[in-house]
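Text of model-v4.cif (mmCIF, C-alpha atoms) as supplied:
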data_coords
#
loop_
_atom_site.label_atom_id
_atom_site.label_comp_id
_atom_site.auth_asym_id
_atom_site.auth_seq_id
_atom_site.Cartn_x
_atom_site.Cartn_y
_atom_site.Cartn_z
CA MET A 1 6.34 -31.48 6.14
CA ARG A 2 8.40 -29.42 3.72
CA HIS A 3 7.91 -26.60 1.19
CA GLN A 4 10.47 -24.61 -0.75
CA VAL A 5 9.12 -21.28 0.51
CA VAL A 6 7.00 -20.44 3.55
CA ILE A 7 5.07 -17.18 3.18
CA VAL A 8 3.96 -15.74 6.53
CA GLY A 9 0.91 -13.56 5.91
CA GLY A 10 -2.05 -14.00 3.58
CA GLY A 11 -2.52 -10.39 2.51
CA PRO A 12 -2.02 -9.13 -1.04
CA SER A 13 1.80 -9.14 -0.99
CA GLY A 14 2.06 -12.71 0.32
CA LEU A 15 -0.60 -13.94 -2.07
CA LEU A 16 0.96 -12.18 -5.06
CA LEU A 17 4.36 -13.67 -4.27
CA GLY A 18 2.80 -17.11 -3.90
CA GLN A 19 0.98 -16.89 -7.21
CA LEU A 20 4.05 -15.67 -9.09
CA LEU A 21 6.16 -18.47 -7.62
CA HIS A 22 3.50 -21.05 -8.50
CA LYS A 23 3.57 -19.88 -12.12
CA ARG A 24 7.30 -20.70 -12.19
CA GLY A 25 6.91 -24.08 -10.52
CA ILE A 26 8.23 -23.02 -7.11
CA ASP A 27 6.32 -24.53 -4.19
CA ALA A 28 5.11 -22.07 -1.52
CA VAL A 29 2.70 -22.38 1.39
CA VAL A 30 0.89 -19.34 2.84
CA LEU A 31 0.20 -19.05 6.58
CA GLU A 32 -2.52 -16.58 7.62
CA ARG A 33 -3.44 -15.71 11.20
CA LYS A 34 -7.07 -14.83 10.38
CA THR A 35 -9.74 -16.24 8.06
CA ARG A 36 -10.12 -15.45 4.38
CA ASP A 37 -13.33 -13.51 5.11
CA TYR A 38 -11.54 -11.42 7.74
CA VAL A 39 -8.74 -10.52 5.33
CA LEU A 40 -11.26 -9.59 2.64
CA GLY A 41 -13.14 -7.41 5.12
CA ARG A 42 -10.27 -4.92 5.36
CA ILE A 43 -10.99 -1.63 3.56
CA ARG A 44 -7.87 -0.27 1.87
CA ALA A 45 -6.95 2.17 -0.87
CA GLY A 46 -6.73 0.95 -4.41
CA VAL A 47 -4.63 3.08 -6.76
CA LEU A 48 -2.41 0.64 -8.64
CA GLU A 49 0.88 1.59 -10.25
CA THR A 50 1.80 0.19 -13.65
CA GLY A 51 4.38 -2.10 -12.04
CA LEU A 52 1.80 -3.76 -9.81
CA VAL A 53 -0.57 -4.17 -12.75
CA SER A 54 2.22 -5.86 -14.72
CA LEU A 55 2.88 -8.26 -11.82
CA MET A 56 -0.83 -9.10 -11.66
CA GLU A 57 -0.73 -9.82 -15.40
CA GLU A 58 2.32 -12.04 -15.00
CA ALA A 59 0.57 -13.87 -12.15
CA GLY A 60 -2.43 -14.47 -14.42
CA VAL A 61 -4.90 -12.61 -12.21
CA ALA A 62 -5.50 -9.33 -14.06
CA ASP A 63 -8.60 -10.13 -16.12
CA ARG A 64 -11.14 -8.67 -13.67
CA LEU A 65 -8.82 -5.80 -12.86
CA HIS A 66 -8.78 -4.74 -16.52
CA ARG A 67 -12.50 -5.36 -16.87
CA GLU A 68 -13.68 -3.48 -13.77
CA GLY A 69 -10.81 -1.16 -12.84
CA TYR A 70 -10.90 2.55 -13.64
CA VAL A 71 -8.01 3.87 -15.71
CA HIS A 72 -6.95 7.30 -14.48
CA ASP A 73 -4.74 9.36 -16.78
CA GLY A 74 -4.17 12.05 -14.16
CA THR A 75 -5.24 13.66 -10.91
CA GLN A 76 -6.50 17.01 -9.59
CA ILE A 77 -4.77 19.25 -7.04
CA ALA A 78 -6.89 21.88 -5.26
CA PHE A 79 -5.63 24.82 -3.22
CA GLY A 80 -6.66 28.40 -2.59
CA GLY A 81 -10.12 27.80 -4.00
CA GLU A 82 -8.80 26.69 -7.41
CA MET A 83 -7.91 23.36 -8.98
CA PHE A 84 -5.40 22.22 -11.59
CA HIS A 85 -4.88 18.97 -13.47
CA LEU A 86 -1.76 16.80 -13.71
CA ASP A 87 -1.86 14.62 -16.83
CA PHE A 88 0.06 11.42 -16.11
CA LYS A 89 -0.51 9.96 -19.56
CA ALA A 90 0.86 13.04 -21.31
CA LEU A 91 3.79 13.38 -18.90
CA THR A 92 4.86 9.72 -18.65
CA GLY A 93 2.83 7.73 -21.15
CA LYS A 94 1.39 5.72 -18.25
CA PRO A 95 -1.85 5.84 -16.25
CA VAL A 96 -2.78 4.39 -12.87
CA ILE A 97 -5.74 2.07 -12.27
CA VAL A 98 -8.24 2.53 -9.44
CA TYR A 99 -9.13 -0.96 -8.23
CA GLY A 100 -9.72 -1.74 -4.56
CA GLN A 101 -7.06 -3.59 -2.60
CA THR A 102 -9.80 -5.89 -1.35
CA GLU A 103 -10.51 -6.86 -4.96
CA VAL A 104 -6.82 -7.49 -5.63
CA THR A 105 -6.76 -9.80 -2.61
CA ARG A 106 -9.96 -11.55 -3.67
CA ASP A 107 -8.59 -12.22 -7.15
CA LEU A 108 -5.39 -13.66 -5.70
CA TYR A 109 -7.27 -15.92 -3.26
CA ASP A 110 -9.51 -17.18 -6.06
CA ALA A 111 -6.50 -17.93 -8.24
CA ARG A 112 -4.72 -19.72 -5.40
CA GLU A 113 -7.73 -21.89 -4.69
CA ALA A 114 -8.20 -22.64 -8.39
CA VAL A 115 -4.74 -24.21 -8.64
CA GLY A 116 -4.99 -25.97 -5.29
CA ALA A 117 -2.06 -24.14 -3.70
CA ARG A 118 -1.83 -24.67 0.04
CA THR A 119 -3.06 -21.89 2.35
CA GLU A 120 -3.40 -22.39 6.09
CA PHE A 121 -5.81 -20.06 7.95
CA ASN A 122 -6.29 -19.47 11.69
CA VAL A 123 -2.67 -20.15 12.53
CA ASP A 124 -1.42 -19.00 15.95
CA HIS A 125 1.95 -18.71 17.67
CA VAL A 126 3.98 -18.63 14.45
CA VAL A 127 7.69 -18.85 15.24
CA ILE A 128 10.52 -18.52 12.73
CA HIS A 129 13.50 -20.73 13.55
CA ASP A 130 17.12 -20.76 12.34
CA ALA A 131 16.53 -18.13 9.67
CA ASP A 132 20.26 -17.36 9.68
CA SER A 133 21.12 -20.96 8.84
CA ASN A 134 20.78 -23.13 5.74
CA HIS A 135 17.91 -25.06 7.33
CA PRO A 136 15.18 -22.63 8.46
CA TYR A 137 11.80 -23.82 9.61
CA VAL A 138 8.52 -22.41 10.90
CA THR A 139 6.31 -23.74 13.69
CA TYR A 140 2.71 -22.78 14.42
CA ASP A 141 -0.44 -23.91 16.18
CA GLN A 142 -3.72 -24.53 14.42
CA HIS A 143 -6.96 -25.89 15.90
CA GLY A 144 -5.13 -27.01 19.03
CA GLU A 145 -2.36 -28.89 17.20
CA SER A 146 1.30 -27.96 16.67
CA HIS A 147 2.88 -28.03 13.22
CA ARG A 148 6.33 -27.63 11.69
CA ILE A 149 7.28 -26.74 8.13
CA ASP A 150 10.88 -27.08 6.95
CA CYS A 151 11.82 -24.88 4.01
CA ASP A 152 14.54 -23.18 1.99
CA PHE A 153 13.33 -19.60 2.47
CA ILE A 154 10.81 -17.61 4.51
CA ALA A 155 8.99 -14.54 3.20
CA GLY A 156 7.68 -12.28 5.98
CA CYS A 157 4.56 -10.65 4.53
CA ASP A 158 2.70 -10.35 7.83
CA GLY A 159 2.51 -6.60 8.30
CA PHE A 160 3.80 -4.11 10.83
CA HIS A 161 2.53 -6.08 13.86
CA GLY A 162 3.58 -9.50 12.56
CA VAL A 163 6.28 -11.84 13.85
CA SER A 164 8.66 -11.71 10.89
CA ARG A 165 10.40 -8.41 11.57
CA GLN A 166 10.68 -9.30 15.27
CA ALA A 167 12.55 -12.46 14.29
CA ILE A 168 15.49 -10.32 13.15
CA PRO A 169 17.67 -9.58 16.20
CA LEU A 170 17.78 -5.99 17.43
CA SER A 171 21.55 -6.15 17.06
CA VAL A 172 21.03 -6.59 13.31
CA ARG A 173 18.10 -4.35 12.40
CA ARG A 174 17.78 -0.59 12.55
CA GLU A 175 14.44 1.20 12.40
CA TYR A 176 13.64 4.68 11.11
CA GLU A 177 10.30 6.29 11.95
CA LYS A 178 8.39 9.53 11.63
CA THR A 179 4.93 9.92 13.14
CA TYR A 180 2.65 12.66 11.85
CA PRO A 181 0.65 14.89 14.22
CA PHE A 182 -2.72 14.16 12.59
CA GLY A 183 -4.83 11.36 11.14
CA TRP A 184 -7.19 10.77 8.23
CA LEU A 185 -10.89 10.36 8.89
CA GLY A 186 -12.18 8.25 6.02
CA VAL A 187 -15.73 7.41 5.05
CA LEU A 188 -17.23 5.08 2.46
CA SER A 189 -20.62 6.03 0.99
CA ARG A 190 -22.93 4.63 -1.66
CA THR A 191 -22.82 7.83 -3.67
CA PRO A 192 -21.37 8.69 -7.10
CA PRO A 193 -17.84 10.15 -6.98
CA VAL A 194 -17.67 13.94 -7.17
CA ASN A 195 -15.04 13.73 -9.94
CA ASP A 196 -13.79 11.21 -12.47
CA GLU A 197 -10.29 11.53 -10.99
CA LEU A 198 -8.91 11.79 -7.48
CA ILE A 199 -8.86 15.28 -5.96
CA TYR A 200 -6.11 16.09 -3.44
CA ALA A 201 -7.00 19.31 -1.61
CA ASN A 202 -4.95 21.70 0.49
CA SER A 203 -7.11 24.14 2.42
CA ASP A 204 -6.70 26.46 5.38
CA ARG A 205 -8.81 23.96 7.36
CA GLY A 206 -6.59 21.01 6.49
CA PHE A 207 -6.21 18.29 3.89
CA ALA A 208 -9.04 16.50 2.05
CA LEU A 209 -9.13 13.73 -0.55
CA CYS A 210 -11.93 12.71 -2.90
CA SER A 211 -11.53 9.14 -4.14
CA MET A 212 -13.77 6.29 -5.30
CA ARG A 213 -14.25 2.55 -5.53
CA ASN A 214 -16.67 2.49 -8.46
CA GLU A 215 -19.31 4.67 -10.12
CA ASN A 216 -21.65 4.27 -7.14
CA LEU A 217 -19.21 3.92 -4.25
CA SER A 218 -17.10 6.85 -3.04
CA ARG A 219 -14.26 7.15 -0.56
CA TYR A 220 -13.58 10.52 1.08
CA TYR A 221 -11.04 11.67 3.67
CA VAL A 222 -10.38 14.73 5.81
CA GLN A 223 -7.38 15.47 8.00
CA CYS A 224 -8.33 15.26 11.67
CA ALA A 225 -6.79 15.38 15.13
CA LEU A 226 -5.17 12.22 16.47
CA SER A 227 -7.39 12.54 19.53
CA ASP A 228 -10.56 12.25 17.41
CA HIS A 229 -12.67 9.10 17.28
CA PRO A 230 -14.96 8.07 14.39
CA GLU A 231 -18.02 8.34 16.63
CA ASP A 232 -17.12 12.01 17.25
CA TRP A 233 -18.07 12.72 13.65
CA THR A 234 -21.68 12.55 12.54
CA ASP A 235 -22.32 12.13 8.84
CA ALA A 236 -23.60 15.70 8.66
CA ALA A 237 -20.47 17.05 10.34
CA PHE A 238 -18.22 15.10 7.97
CA TRP A 239 -19.97 16.26 4.79
CA SER A 240 -20.02 19.84 5.99
CA GLU A 241 -16.30 19.81 6.76
CA LEU A 242 -15.40 18.11 3.48
CA LYS A 243 -17.29 20.75 1.48
CA ARG A 244 -15.48 23.55 3.28
CA ARG A 245 -12.13 22.10 2.19
CA LEU A 246 -13.00 21.82 -1.51
CA PRO A 247 -13.32 24.50 -4.20
CA GLU A 248 -16.89 25.83 -4.36
CA GLU A 249 -17.52 24.33 -7.79
CA VAL A 250 -16.56 20.84 -6.58
CA ALA A 251 -18.44 21.16 -3.29
CA GLY A 252 -21.56 22.17 -5.17
CA HIS A 253 -21.55 18.88 -7.10
CA LEU A 254 -20.86 16.67 -4.09
CA VAL A 255 -23.58 14.05 -3.56
CA THR A 256 -23.90 13.16 0.12
CA GLY A 257 -25.61 10.27 1.85
CA PRO A 258 -25.35 7.83 4.76
CA THR A 259 -21.84 6.49 5.32
CA ILE A 260 -21.39 2.72 5.41
CA GLU A 261 -17.92 2.72 6.95
CA LYS A 262 -16.04 5.31 8.98
CA SER A 263 -12.54 5.05 10.44
CA ILE A 264 -9.51 7.09 11.44
CA ALA A 265 -6.00 6.15 10.36
CA PRO A 266 -2.85 7.67 11.87
CA LEU A 267 -0.04 8.57 9.48
CA ARG A 268 3.43 7.12 9.85
CA SER A 269 6.64 6.77 7.86
CA PHE A 270 8.62 3.69 8.88
CA VAL A 271 11.50 1.68 7.43
CA THR A 272 13.53 -1.18 8.88
CA GLU A 273 16.94 -2.14 7.56
CA PRO A 274 17.99 -4.65 6.41
CA MET A 275 15.02 -6.36 4.77
CA ARG A 276 16.84 -9.68 4.72
CA TRP A 277 18.39 -11.76 7.48
CA GLY A 278 19.83 -15.05 6.33
CA ARG A 279 16.97 -16.84 4.59
CA LEU A 280 14.24 -14.56 5.95
CA PHE A 281 13.01 -11.77 3.68
CA LEU A 282 10.65 -8.97 4.70
CA CYS A 283 8.02 -7.67 2.27
CA GLY A 284 5.52 -4.81 2.49
CA ASP A 285 4.34 -3.45 5.83
CA ALA A 286 6.56 -5.90 7.70
CA ALA A 287 9.49 -3.78 6.51
CA HIS A 288 8.06 -0.32 5.82
CA ILE A 289 5.01 1.91 6.05
CA VAL A 290 4.31 5.05 4.05
CA PRO A 291 1.67 7.70 4.67
CA PRO A 292 -1.39 7.09 2.46
CA THR A 293 -0.80 10.35 0.58
CA GLY A 294 -0.05 9.21 -2.97
CA ALA A 295 -1.16 5.59 -2.42
CA LYS A 296 2.28 4.00 -2.15
CA GLY A 297 1.64 1.33 0.50
CA LEU A 298 0.43 -1.60 -1.60
CA ASN A 299 2.53 -0.48 -4.56
CA THR A 300 5.75 -0.42 -2.55
CA ALA A 301 4.93 -3.89 -1.22
CA ALA A 302 4.54 -5.00 -4.83
CA SER A 303 8.03 -3.77 -5.68
CA ASP A 304 9.39 -5.87 -2.79
CA VAL A 305 7.55 -8.86 -4.21
CA HIS A 306 9.11 -8.18 -7.62
CA TYR A 307 12.66 -8.20 -6.26
CA LEU A 308 12.13 -11.27 -4.07
CA TYR A 309 10.30 -13.20 -6.79
CA GLN A 310 13.06 -12.48 -9.30
CA GLY A 311 15.70 -13.48 -6.78
CA LEU A 312 13.99 -16.79 -5.95
CA VAL A 313 13.47 -17.63 -9.63
CA GLN A 314 17.13 -16.86 -10.24
CA HIS A 315 18.08 -19.18 -7.35
CA TYR A 316 15.87 -22.13 -8.29
CA LEU A 317 15.95 -21.99 -12.08
CA ASP A 318 19.39 -20.53 -12.76
CA GLN A 319 21.27 -21.70 -9.64
CA ASP A 320 22.35 -18.07 -9.13
CA ASN A 321 22.09 -16.38 -5.72
CA GLU A 322 22.82 -12.84 -6.86
CA GLY A 323 19.14 -11.84 -6.69
CA ILE A 324 18.53 -13.04 -3.15
CA GLU A 325 21.91 -11.73 -1.94
CA ARG A 326 21.04 -8.24 -3.20
CA TYR A 327 17.31 -8.31 -2.36
CA SER A 328 17.51 -5.93 0.61
CA GLU A 329 19.76 -3.46 -1.20
CA ARG A 330 17.52 -3.30 -4.27
CA ALA A 331 14.25 -3.19 -2.38
CA LEU A 332 15.41 -0.48 0.02
CA LEU A 333 16.66 1.74 -2.79
CA ARG A 334 13.13 1.95 -4.16
CA VAL A 335 11.48 1.97 -0.71
CA TRP A 336 13.31 5.14 0.32
CA LYS A 337 12.31 6.87 -2.93
CA ALA A 338 8.66 6.00 -2.24
CA GLU A 339 9.05 7.21 1.34
CA ARG A 340 10.48 10.49 0.06
CA PHE A 341 7.55 11.05 -2.31
CA SER A 342 4.90 10.26 0.31
CA TRP A 343 6.65 12.46 2.89
CA TRP A 344 6.95 15.33 0.40
CA PHE A 345 3.37 15.02 -0.84
CA SER A 346 2.08 14.87 2.74
CA SER A 347 4.09 17.98 3.61
CA LEU A 348 2.60 19.73 0.59
CA LEU A 349 -1.04 19.19 1.50
CA HIS A 350 -1.55 19.04 5.26
CA ARG A 351 -1.77 21.64 7.99
CA TYR A 352 0.84 21.02 10.68
CA PRO A 353 0.74 22.32 14.26
CA HIS A 354 2.87 25.41 14.82
CA GLN A 355 3.24 26.21 11.11
CA SER A 356 4.41 29.82 10.91
CA PRO A 357 3.11 32.30 8.30
CA PHE A 358 6.42 31.77 6.51
CA ASP A 359 5.89 27.98 6.47
CA LEU A 360 2.44 28.43 4.97
CA LYS A 361 3.78 30.75 2.29
CA MET A 362 6.43 28.18 1.39
CA GLN A 363 3.77 25.48 1.14
CA GLN A 364 1.69 27.69 -1.17
CA ALA A 365 4.74 28.50 -3.29
CA GLU A 366 5.57 24.80 -3.59
CA ILE A 367 2.08 24.01 -4.86
CA ALA A 368 2.20 26.95 -7.27
CA PHE A 369 5.55 25.69 -8.56
CA LEU A 370 4.01 22.28 -9.20
CA ARG A 371 1.12 23.94 -11.03
CA ASP A 372 3.33 26.10 -13.24
CA ASN A 373 6.53 24.13 -13.83
CA SER A 374 6.57 21.31 -16.37
CA SER A 375 9.71 19.69 -14.92
CA GLN A 376 8.13 19.50 -11.47
CA GLN A 377 4.98 18.03 -13.00
CA GLN A 378 7.10 15.44 -14.81
CA ALA A 379 8.82 14.40 -11.58
CA PHE A 380 5.49 14.22 -9.75
CA ALA A 381 3.89 12.09 -12.46
CA GLU A 382 6.85 9.70 -12.65
CA ASN A 383 6.63 9.11 -8.90
CA TYR A 384 2.86 8.79 -8.85
CA VAL A 385 2.54 6.22 -11.66
CA GLY A 386 5.47 4.33 -10.14
CA LEU A 387 9.22 4.45 -10.49
CA PRO A 388 10.65 1.55 -12.51
CA TYR A 389 11.76 -1.61 -10.72
#

As structure tokens:
Amino acid sequence: MRHQVVIVGGGPSGLLLGQLLHKRGIDAVVLERKTRDYVLGRIRAGVLETGLVSLMEEAGVADRLHREGYVHDGTQIAFGGEMFHLDFKALTGKPVIVYGQTEVTRDLYDAREAVGARTEFNVDHVVIHDADSNHPYVTYDQHGESHRIDCDFIAGCDGFHGVSRQAIPLSVRREYEKTYPFGWLGVLSRTPPVNDELIYANSDRGFALCSMRNENLSRYYVQCALSDHPEDWTDAAFWSELKRRLPEEVAGHLVTGPTIEKSIAPLRSFVTEPMRWGRLFLCGDAAHIVPPTGAKGLNTAASDVHYLYQGLVQHYLDQDNEGIERYSERALLRVWKAERFSWWFSSLLHRYPHQSPFDLKMQQAEIAFLRDNSSQQQAFAENYVGLPY
């Protein structure tokens, strides 16, 4: 069997690429290791940059996003018991939209099924063959049978632990990584959000974030030790700690209740270079990971999709390979800028082991500079709403 493009990974980046290609008449099959229900059961952040929203519109899957998503014109930064507002709309003319990654994925699956595009679930032992040749192919097992798909190109959208990055020889790829000495304990609760916008808080007890999914579903985070486990934290202990990290006025309005999901995520910065080897292209977490501070993970994956989609359209419709030849260069240029912002924003808000009194004073001065300097606010807003593709 043959398809023009094989997409390994049925998460949001693979599905978005598939839908965009379908709209331009380019045939792509999606291979997913798990079931649709499993993929939709993943709880992820959902702050969408304007670029991702535009891609969803181009893919024809933005109707529910615009109907149910929450437009945020800015965000709140809390430190030292006070809070200040950064107005994205005033600074850049652009907002962000809060819309869960699970909902993005659901919309893309629904659209894919509606047009009858091929998606294979429960695939095992995926192997990428001859990616550095003009005749790549992919083999996999499914329900006890072996399969082969010949293709022109392979898009590796299968995440950090997937097979795609590993298919690039170690002699070719170079990896850059920073691990952070803390994690985020996150809870989901059926309670109204404490604020209409996200609150990023720096406190002497560590970082906290107040976020939301909708008007009755809130998502909260506190910085925690890497050695912690979710079961170490009772609901009462979590709510008490969160309140201690927020300004008194905010904490006083916080509505608490039973949590319906609780997990701890480590923080990591990771980039592999190059993002292309022959006819294999890496997208999203297969190529890079950013700390969740600033919500750049899904959005950076979307920028990869943009560059690859444009390159494939250029190849098939214009018989021009410039886009695919320069895919890695273009994608990495924006990836590293997103990595810089997430690294900087994480450094601004968290408590690090062995921070000296001088380090803490510098952190406080940096936040005060953001509060008081319009040029710094402009740069922050431009990064947060999304740098142009």

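Separating CA of Trp184 in chain A from CA of Leu267 in chain A is a distance of 7.6 Å.
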
Proximity to Asp285 in chain A - best of A:Gly14, A:Gly93, A:Gly297, A:Pro266, only C-alpha atoms | A:Gly297

Given the file shown, enumerate the residues that the PyMOL selection byres ((chain A and resi 56-72) around 9) captures and present them as a count of residues only.
-> 34

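Against this structure, the PyMOL selection byres ((chain A and resi 134) around 9) ends up with Asp130, Ala131, Asp132, Ser133, His135, Pro136, Asp152, Phe153, Gly278 and Arg279 of chain A.
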
Export, as a PDB file, keeping the file's coordinate frame, the selected residues with C-alpha atoms.
ATOM      1  CA  ASP A 130      17.120 -20.760  12.340  1.00  0.00           C
ATOM      2  CA  ALA A 131      16.530 -18.130   9.670  1.00  0.00           C
ATOM      3  CA  ASP A 132      20.260 -17.360   9.680  1.00  0.00           C
ATOM      4  CA  SER A 133      21.120 -20.960   8.840  1.00  0.00           C
ATOM      5  CA  HIS A 135      17.910 -25.060   7.330  1.00  0.00           C
ATOM      6  CA  PRO A 136      15.180 -22.630   8.460  1.00  0.00           C
ATOM      7  CA  ASP A 152      14.540 -23.180   1.990  1.00  0.00           C
ATOM      8  CA  PHE A 153      13.330 -19.600   2.470  1.00  0.00           C
ATOM      9  CA  GLY A 278      19.830 -15.050   6.330  1.00  0.00           C
ATOM     10  CA  ARG A 279      16.970 -16.840   4.590  1.00  0.00           C
TER      11      ARG A 279
END

Counting only C-alpha atoms, what is within 7 Å of Arg268 in chain A, bar same-chain residues fewer than 4 positions away, as number ranges by chain?
-> A: 178-180, 289-291

Closest to Tyr309 in chain A among A:Leu370, A:Glu339, A:His229, A:Val5, using only C-alpha atoms?
-> A:Val5

Å distance separating CA of Pro388 in chain A from CA of Val271 in chain A, one decimal place = 20.0 Å

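With all atoms listed in the file as the atoms that count, the minimum distance from Ser218 in chain A to the choices A:Pro247, A:Gly294, A:Gly323, A:Gly186 is reached by A:Gly186.
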
Give as a ChimeraX atom specification the residues that the PyMOL selection byres ((chain A and resi 27) around 10) matches when applied to the coordinates above.
-> /A:2-6,18-19,21-26,28-29,117-118,151

Write the residues you've just listed into a file as a JSON list (two decimals), in the coordinates of the input, and include C-alpha atoms for each of them.
[["chain", "number", "residue", "atom", "x", "y", "z"],
["A", 2, "ARG", "CA", 8.40, -29.42, 3.72],
["A", 3, "HIS", "CA", 7.91, -26.60, 1.19],
["A", 4, "GLN", "CA", 10.47, -24.61, -0.75],
["A", 5, "VAL", "CA", 9.12, -21.28, 0.51],
["A", 6, "VAL", "CA", 7.00, -20.44, 3.55],
["A", 18, "GLY", "CA", 2.80, -17.11, -3.90],
["A", 19, "GLN", "CA", 0.98, -16.89, -7.21],
["A", 21, "LEU", "CA", 6.16, -18.47, -7.62],
["A", 22, "HIS", "CA", 3.50, -21.05, -8.50],
["A", 23, "LYS", "CA", 3.57, -19.88, -12.12],
["A", 24, "ARG", "CA", 7.30, -20.70, -12.19],
["A", 25, "GLY", "CA", 6.91, -24.08, -10.52],
["A", 26, "ILE", "CA", 8.23, -23.02, -7.11],
["A", 28, "ALA", "CA", 5.11, -22.07, -1.52],
["A", 29, "VAL", "CA", 2.70, -22.38, 1.39],
["A", 117, "ALA", "CA", -2.06, -24.14, -3.70],
["A", 118, "ARG", "CA", -1.83, -24.67, 0.04],
["A", 151, "CYS", "CA", 11.82, -24.88, 4.01]]

Padding of 8 Å on every side, edges along x, y and z, all listed atoms of range 81-100 of chain A included: what centre and edge lengths in Å, to one decimal, does that box have, as lines of an AutoDock Vina configuration file?
center_x = -2.6
center_y = 13.0
center_z = -12.7
size_x = 31.0
size_y = 45.5
size_z = 33.3

Please indicate the distance in Å from CA of Arg106 in chain A to CA of Leu40 in chain A, rounded to one decimal place.
-> 6.7 Å

Of the listed residues A:Leu349, A:Gln378, A:Glu273, A:Arg44, that which approaches Ala365 in chain A most closely, counting all atoms listed in the file = A:Leu349

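The nearest approach to Met275 in chain A among the residues A:Met83, A:Ala368, A:Val127, A:Val172, with all atoms listed in the file taken into account, belongs to A:Val172.
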
Hey, what's within 8 Å of Ala286 in chain A if we count only C-alpha atoms and toss same-chain stuff fewer than 6 positions away? As number ranges by chain, please?
-> A: 156-162, 164-165

Pop range 279-318 of chain A out of the structure in the block and write C-alpha atoms as a PDB file, in the first residue's frame.
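The new file part_14.pdb reads:
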ATOM      1  CA  ARG A 279      12.680  12.419   3.868  1.00  0.00           C
ATOM      2  CA  LEU A 280      11.954  12.171   7.603  1.00  0.00           C
ATOM      3  CA  PHE A 281      10.795  15.334   9.367  1.00  0.00           C
ATOM      4  CA  LEU A 282      10.376  15.739  13.127  1.00  0.00           C
ATOM      5  CA  CYS A 283       7.509  17.804  14.543  1.00  0.00           C
ATOM      6  CA  GLY A 284       6.602  18.830  18.091  1.00  0.00           C
ATOM      7  CA  ASP A 285       7.800  16.846  21.106  1.00  0.00           C
ATOM      8  CA  ALA A 286       9.668  14.414  18.856  1.00  0.00           C
ATOM      9  CA  ALA A 287      12.121  17.259  18.242  1.00  0.00           C
ATOM     10  CA  HIS A 288      11.820  19.575  21.241  1.00  0.00           C
ATOM     11  CA  ILE A 289      10.267  20.083  24.653  1.00  0.00           C
ATOM     12  CA  VAL A 290       9.775  23.369  26.484  1.00  0.00           C
ATOM     13  CA  PRO A 291       8.886  23.928  30.132  1.00  0.00           C
ATOM     14  CA  PRO A 292       5.132  24.568  30.511  1.00  0.00           C
ATOM     15  CA  THR A 293       5.779  28.117  31.743  1.00  0.00           C
ATOM     16  CA  GLY A 294       4.217  30.297  29.055  1.00  0.00           C
ATOM     17  CA  ALA A 295       2.365  27.436  27.306  1.00  0.00           C
ATOM     18  CA  LYS A 296       4.699  27.018  24.339  1.00  0.00           C
ATOM     19  CA  GLY A 297       4.606  23.223  23.869  1.00  0.00           C
ATOM     20  CA  LEU A 298       1.601  22.787  21.591  1.00  0.00           C
ATOM     21  CA  ASN A 299       2.169  26.180  19.996  1.00  0.00           C
ATOM     22  CA  THR A 300       5.761  25.392  19.047  1.00  0.00           C
ATOM     23  CA  ALA A 301       4.589  22.088  17.571  1.00  0.00           C
ATOM     24  CA  ALA A 302       2.098  24.084  15.510  1.00  0.00           C
ATOM     25  CA  SER A 303       4.866  26.242  14.078  1.00  0.00           C
ATOM     26  CA  ASP A 304       6.684  23.058  12.990  1.00  0.00           C
ATOM     27  CA  VAL A 305       3.485  21.921  11.302  1.00  0.00           C
ATOM     28  CA  HIS A 306       3.255  25.273   9.515  1.00  0.00           C
ATOM     29  CA  TYR A 307       6.760  25.007   8.049  1.00  0.00           C
ATOM     30  CA  LEU A 308       6.380  21.355   7.047  1.00  0.00           C
ATOM     31  CA  TYR A 309       2.909  21.860   5.582  1.00  0.00           C
ATOM     32  CA  GLN A 310       4.094  24.810   3.514  1.00  0.00           C
ATOM     33  CA  GLY A 311       7.123  22.858   2.338  1.00  0.00           C
ATOM     34  CA  LEU A 312       5.053  19.838   1.269  1.00  0.00           C
ATOM     35  CA  VAL A 313       2.508  22.022  -0.544  1.00  0.00           C
ATOM     36  CA  GLN A 314       5.380  23.759  -2.313  1.00  0.00           C
ATOM     37  CA  HIS A 315       6.789  20.349  -3.325  1.00  0.00           C
ATOM     38  CA  TYR A 316       3.558  18.787  -4.578  1.00  0.00           C
ATOM     39  CA  LEU A 317       1.769  21.787  -6.077  1.00  0.00           C
ATOM     40  CA  ASP A 318       4.671  23.947  -7.249  1.00  0.00           C
TER      41      ASP A 318
END
